[in-house]
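Undergrad: I'd like to ask you about the structure that follows.
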Amino acid sequence: MVRQEVDGGVAVLTLANPPVNALGAALRAALDGALEQAIADASVRAIVLAAEGRVFVGGADITEFGKPQQPPSLPDILDRLDASPKPVVAAIGGAALGGGLELAMACHGRVAAPAAKLGLPEIKLGIIPGAGGTQRLPRLIGPDAAFSMMLTGEPVSAEKAASLGIVDAVVLGDLVAAARTRALEIADSGTLPRVRDRSDKLTSETRAAFEALAAAATMRDPDATNVHALVRAVRAGLDPKSFDAAVAVERAEFRTLVEDPRSKALRYAFFAEREAARVPGLPKDTPRRPIHTAAVIGAGTMGGGIAMCFANAGIPVTVIETEEGALTRGLDRVRGLYAGSAKRGSITEAQRDERIGRISGAIGLEHAKDADIVIEAAFEDMGVKREIFSRLDAVAKPGAILATNTSYLDVNAIAAVTNRPQDVLGLHFFSPANVMRLVEVVRAEKTAPDVLATALDLAKRLNKLPVTVGVCFGFVGNRMLERRSRAGERLLLEGALPHEVDAAVTRFGFRMGPFAMGDLAGLDIGWRSRKDFGGRAPVADSLAEMGRYGQKTGRGFYLYPDGARAGTRDPEVEALIARVAAEHGIARRSFTPEEIVARLMYPMVNEGARILEEGIAARPSDIDTIWINGYNWPAWRGGPMHWADTVGLKTIAEALTRFAAETGDDSQEPAPLLKRLAAEGGRFADWKAA
Ligand code: 3HC
């Protein structure tokens with residue numbers, strides 16, 4: 001796992017633990033042994049720590065968290081580095097994350113390739129750095145800058161790392177050779193620069209700046225246990241003499257956080273996301289079709305956003321409309337979005353021009369004839385979609401992938417109008433498509449394996465997170481959302497007020513409650529789709545009928561005076577709700593936030609169970625990945641199915657039986673799978689498809 005080569009007085013230790021050189025027990029043991037040997041070897045004056053593969057070190061091995069630790073621990077190895085009489089220089093060729101950067105910071109020098117990325121992403125896993133990161137990074141770049149980096153968890157580029165002082169140099173050519181030279185220089189100098197001994201960045205100014213950042217961060221997210229722990233750990237090390245004591249504080253905080261349900265959920269979500277890439281019945285070596293060009297049908301918000309995804313990934317794309325006006329409006333909107341990004345500095349002006357240059361517009365479906373993939377993002381209407389697909393069948397080149405961006409409709413029925421249903425599938429992007437990572441990849445009955453495999457690869461090229469789902473109304477996400485919407489309406493009629501429901505949901509961890517969300521999206525949208533697809537939401541429909549479409553009309557479930565973004569309560573709406581409830585003969589009472597959450601979320605879990613039974617999702621974790629990435633389900637609660645396991649399936653099944661009785665809605669009865677798991681004391685986590 002660690003290759004050792006000694007040459008010219010330098011021992012080069014190369015870590016080789018694919019895929020990301022995670023610091024699992026075996027690698028730690030090999031590294032510790034190799035270091036010990038190199039330090040003991042009289043012919044060695046200096047040591048270089050390098051790694052094989054695209055990633056330098058992706059951090060501690062997350063799969064080992066919560067299990068008994070096998071020695072040597074990472075802190076043991078860092079102690080060995082600290083005690084080393086010979087300089088060790090890290091040659092960082094790729095990502096150095098978490099424990100990877102901590103390892104590098106315990107070395108006496110660091111050089112990086114231009115493609116390297118350096119960061120401490122532990123916060124995203126609900127923990128904090130646990131191997132000296134909260135101490136060495138502040139000593140290298142100041143506690144304020146270090147805290148900011150650890151708080152976002154976002155890595156910085158090699159160039160930025162050099163300007164901050166995390167690495168000594170960015171090396172264009174042979175990285176290991178440069179590291180050797182640096183290591184020998186340090187050996188010749190006779191003093192070993194140890195980050196733990198630095199104090200020049202711990203000034204009164206940087207400390208004050210850190211305290212200000214810490215106060216803002218804890219106020220923003222008072223429940224984030226790891227943010228509080230991060231503040232405590234960094235604060236413990238502000239006194240230059242406190243290094244060892246502060247490392248002990250950090251370690252204790254780290255250990256506590258590893259057991260925190262929030263961290264368990266975030267780690268679960270990390271692996272769930274990666275598991276989603278494995279599609280049952282789709283072998284890794286399934287052939288792919290080449291994708292060099294794309295066409296998007298429809299220049300609306302969705303079509304424009306999807307076209308931007310292609311342009312961002314370097315794939316030329318033609319946006320097709322039926323008339324000039326719509327095309328011009330759509331392309332103007334796209335240009336405006338790119339101009340905004342360039343103005344904010346998130347892309348350069350050259351990138352803006354390049355990306356805009358990759359998007360062309362055309363009138364008429366015949367312009368899709370050369371595209372390797374065509375994505376239809378037209379009006380959500382089966383007639384319109386079938387018409388488009390039968391014409392596409394006539395013009396698209398043989399082997400082209402034909403995808404629909406429908407959010408609800410039957411992809412089998414769309415495929416059936418073509419003579420090539422094997423080439424058809426759904427690609428359900430989320431709005432705004434250029435921003436949201438999730439894509440539900442809808443595998444229709446006849447979708448060919450190579451079409452599915454190509455679509456999954458393509459989604460990754462577009463920087464998306466694809467999750468494969470089967471055909472049903474609304475697929476996984478919207479089908480479950482519909483359950484929540486229905487339960488929300490019912491809650492209003494039974495006596496909860498919109499702001500009470502929204503407050504309970506934001507308290508649960510969503511950024512927005514369902515009614516504020518409805519007002520933002522536009523109440524006319526749900527109203528129209530209920531008209532088309534059936535279903536009734538008496539309160540939301542009445543509001544839409546009154547022209548109260550939400551924020552855009554200044555009135556919806558809430559009032560938005562003078563274009564305000566946050567709504568205020570409207571007595572008129574509350575009176576309307578009471579009236580509708582009376583018309584339906586529904587008695588009203590008050591609800592606690594816990595009852596509201598149960599009423600809204602348990603039916604979603606129940607629908608998730610049905611989705612599993614029907615094979616629409618391959619596994620509970622796919623459902624969770626969809627909800628975290630497409631619907632803002634709080635990641636620290638791990639998605640609806642993981643959360644359900646933490647609540648207990650028996651509790652949920654019993655509550656659903658009660659809800660069904662209270663509301664007279666039989667569809668609330670627990671699904672057979674939920675009932676069975678509840679009876680067995682089982683969990684979704686242990687469920688496997690038959
Ligand atoms: N531990 C265990 N497994 C890991 C891992 C880790 N730290 N990082 C990645 N993996 C696994 C993934 O699960 C995946 O496994 P699979 O192929 O079986 O699904 C495989 O490695 C490849 O990972 P990706 O698909 O994510 O590969 P990419 O090339 O897209 O990304 C990466 C590489 C940027 C390193 C990304 O994997 C990543 O962000 N990893 C996590 C980084 C992280 O959070 N590190 C901190 C860990 S906590 C820590 O270090 C504590 C310390 O302070 C004590």
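A note on labels: chains of the structure tokens are A, B, ... as shown, every chain counts residues from 1, and ligands are counted from 1 in their shown order.
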Give the residue list for ligand 1 at 6 Å, counting only C-alpha atoms and all ligand atoms, as a list in words, sorted by chain and then by residue number.

TA: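 Taking only C-alpha atoms and all ligand atoms into account, the residues around ligand 1 at most 6 Å away are Pro19, Val20, Ala22, Gly58, Gly59, Ala60, Asp61, Ile62, Thr63, Leu97, Gly98, Gly99, Pro121, Glu122, Pro129, Gly130, Ala131, Phe271, Arg274 and Glu275 of chain A.
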
Undergrad: Save out the residues we just selected, C-alpha atoms, as a PDB file, in the first residue's frame.

TA:
ATOM      1  CA  PRO A  19      -9.709   4.776  -5.371  1.00  0.00           C
ATOM      2  CA  VAL A  20      -8.978   7.803  -3.149  1.00  0.00           C
ATOM      3  CA  ALA A  22      -8.475   6.945   2.155  1.00  0.00           C
ATOM      4  CA  GLY A  58      -9.414  11.709   0.287  1.00  0.00           C
ATOM      5  CA  GLY A  59      -9.295  11.779   4.081  1.00  0.00           C
ATOM      6  CA  ALA A  60      -9.856   9.343   6.889  1.00  0.00           C
ATOM      7  CA  ASP A  61     -11.736   6.199   5.848  1.00  0.00           C
ATOM      8  CA  ILE A  62     -15.315   7.214   6.581  1.00  0.00           C
ATOM      9  CA  THR A  63     -16.477   3.596   6.665  1.00  0.00           C
ATOM     10  CA  LEU A  97      -9.072  16.477   1.848  1.00  0.00           C
ATOM     11  CA  GLY A  98      -9.794  16.100   5.530  1.00  0.00           C
ATOM     12  CA  GLY A  99      -7.242  13.735   7.042  1.00  0.00           C
ATOM     13  CA  PRO A 121     -14.691  19.086   4.318  1.00  0.00           C
ATOM     14  CA  GLU A 122     -15.475  17.365   7.655  1.00  0.00           C
ATOM     15  CA  PRO A 129     -11.352  17.787  11.546  1.00  0.00           C
ATOM     16  CA  GLY A 130     -10.065  15.272  14.083  1.00  0.00           C
ATOM     17  CA  ALA A 131      -6.342  15.029  13.352  1.00  0.00           C
ATOM     18  CA  PHE A 271     -22.589   6.824   0.662  1.00  0.00           C
ATOM     19  CA  ARG A 274     -22.453   7.097  -4.443  1.00  0.00           C
ATOM     20  CA  GLU A 275     -24.573   3.952  -4.210  1.00  0.00           C
TER      21      GLU A 275
END

Undergrad: With only C-alpha atoms as the counted atoms, please give the residues lying no more than 10 Å from A:Phe473, apart from itself and same-chain residues fewer than 4 positions off, as a VMD selection string.

TA: chain A and resid 407 to 411 478 to 479 533

Undergrad: Can you write out the residues you just picked, keeping C-alpha atoms, as an mmCIF file, in the first residue's frame?

TA:
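Contents of part.cif, freshly written:
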data_model
loop_
_atom_site.group_PDB
_atom_site.id
_atom_site.type_symbol
_atom_site.label_atom_id
_atom_site.label_comp_id
_atom_site.auth_asym_id
_atom_site.auth_seq_id
_atom_site.Cartn_x
_atom_site.Cartn_y
_atom_site.Cartn_z
ATOM 1 C CA SER A 407 -42.034 15.680 -14.361
ATOM 2 C CA TYR A 408 -45.045 13.372 -14.204
ATOM 3 C CA LEU A 409 -46.048 11.756 -17.472
ATOM 4 C CA ASP A 410 -45.887 8.159 -18.634
ATOM 5 C CA VAL A 411 -42.574 7.751 -20.450
ATOM 6 C CA ASN A 478 -43.098 14.413 -7.171
ATOM 7 C CA ARG A 479 -45.124 11.339 -6.315
ATOM 8 C CA PHE A 533 -54.405 15.480 -14.055
#

Undergrad: Skipping near chain neighbours, those fewer than 4 positions away, what residues fall within 10 Å of A:Ala378 using only C-alpha atoms, listed as a list in words?

TA: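 So the residues in contact are Val296, Ile297, Gly298, Ala299, Gly300, Met302, Gly303, Ile320, Glu321, Val384, Lys385, Ile388, Thr404, Asn405 and Thr406 of chain A.
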
Undergrad: Between atom CA of A:Ala617 and atom CA of A:Ala400, what is the distance in Å, rounded to a tenth?

TA: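 Atom-to-atom, atom CA of A:Ala617 to atom CA of A:Ala400, that is 26.0 Å.
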
Undergrad: Find the spatial neighbours of A:Lys124, counting only C-alpha atoms, within a cut-off of 9 Å - ignore same-chain residues fewer than 5 positions away - and output them as a list in words.

TA: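 Everything that qualifies: Leu151, Thr152, Gly153, Ser263, Leu266 and Arg267 of chain A.
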
Undergrad: Kindly save the residues from that selection, with N, CA and C atoms included, as an mmCIF file, in the first residue's frame.

TA:
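Saved file result.cif follows:
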data_model
loop_
_atom_site.group_PDB
_atom_site.id
_atom_site.type_symbol
_atom_site.label_atom_id
_atom_site.label_comp_id
_atom_site.auth_asym_id
_atom_site.auth_seq_id
_atom_site.Cartn_x
_atom_site.Cartn_y
_atom_site.Cartn_z
ATOM 1 N N LEU A 151 -15.588 25.991 7.892
ATOM 2 C CA LEU A 151 -17.032 26.176 8.046
ATOM 3 C C LEU A 151 -17.777 25.820 6.762
ATOM 4 N N THR A 152 -17.206 26.186 5.615
ATOM 5 C CA THR A 152 -17.874 25.810 4.357
ATOM 6 C C THR A 152 -17.487 24.396 3.962
ATOM 7 N N GLY A 153 -16.281 23.992 4.333
ATOM 8 C CA GLY A 153 -15.802 22.676 3.928
ATOM 9 C C GLY A 153 -15.375 22.633 2.473
ATOM 10 N N SER A 263 -24.382 13.483 12.260
ATOM 11 C CA SER A 263 -23.241 13.030 11.477
ATOM 12 C C SER A 263 -23.528 11.665 10.856
ATOM 13 N N LEU A 266 -25.495 12.292 7.799
ATOM 14 C CA LEU A 266 -24.724 12.907 6.712
ATOM 15 C C LEU A 266 -23.770 11.899 6.076
ATOM 16 N N ARG A 267 -23.200 11.017 6.895
ATOM 17 C CA ARG A 267 -22.329 9.970 6.338
ATOM 18 C C ARG A 267 -23.151 9.000 5.505
#
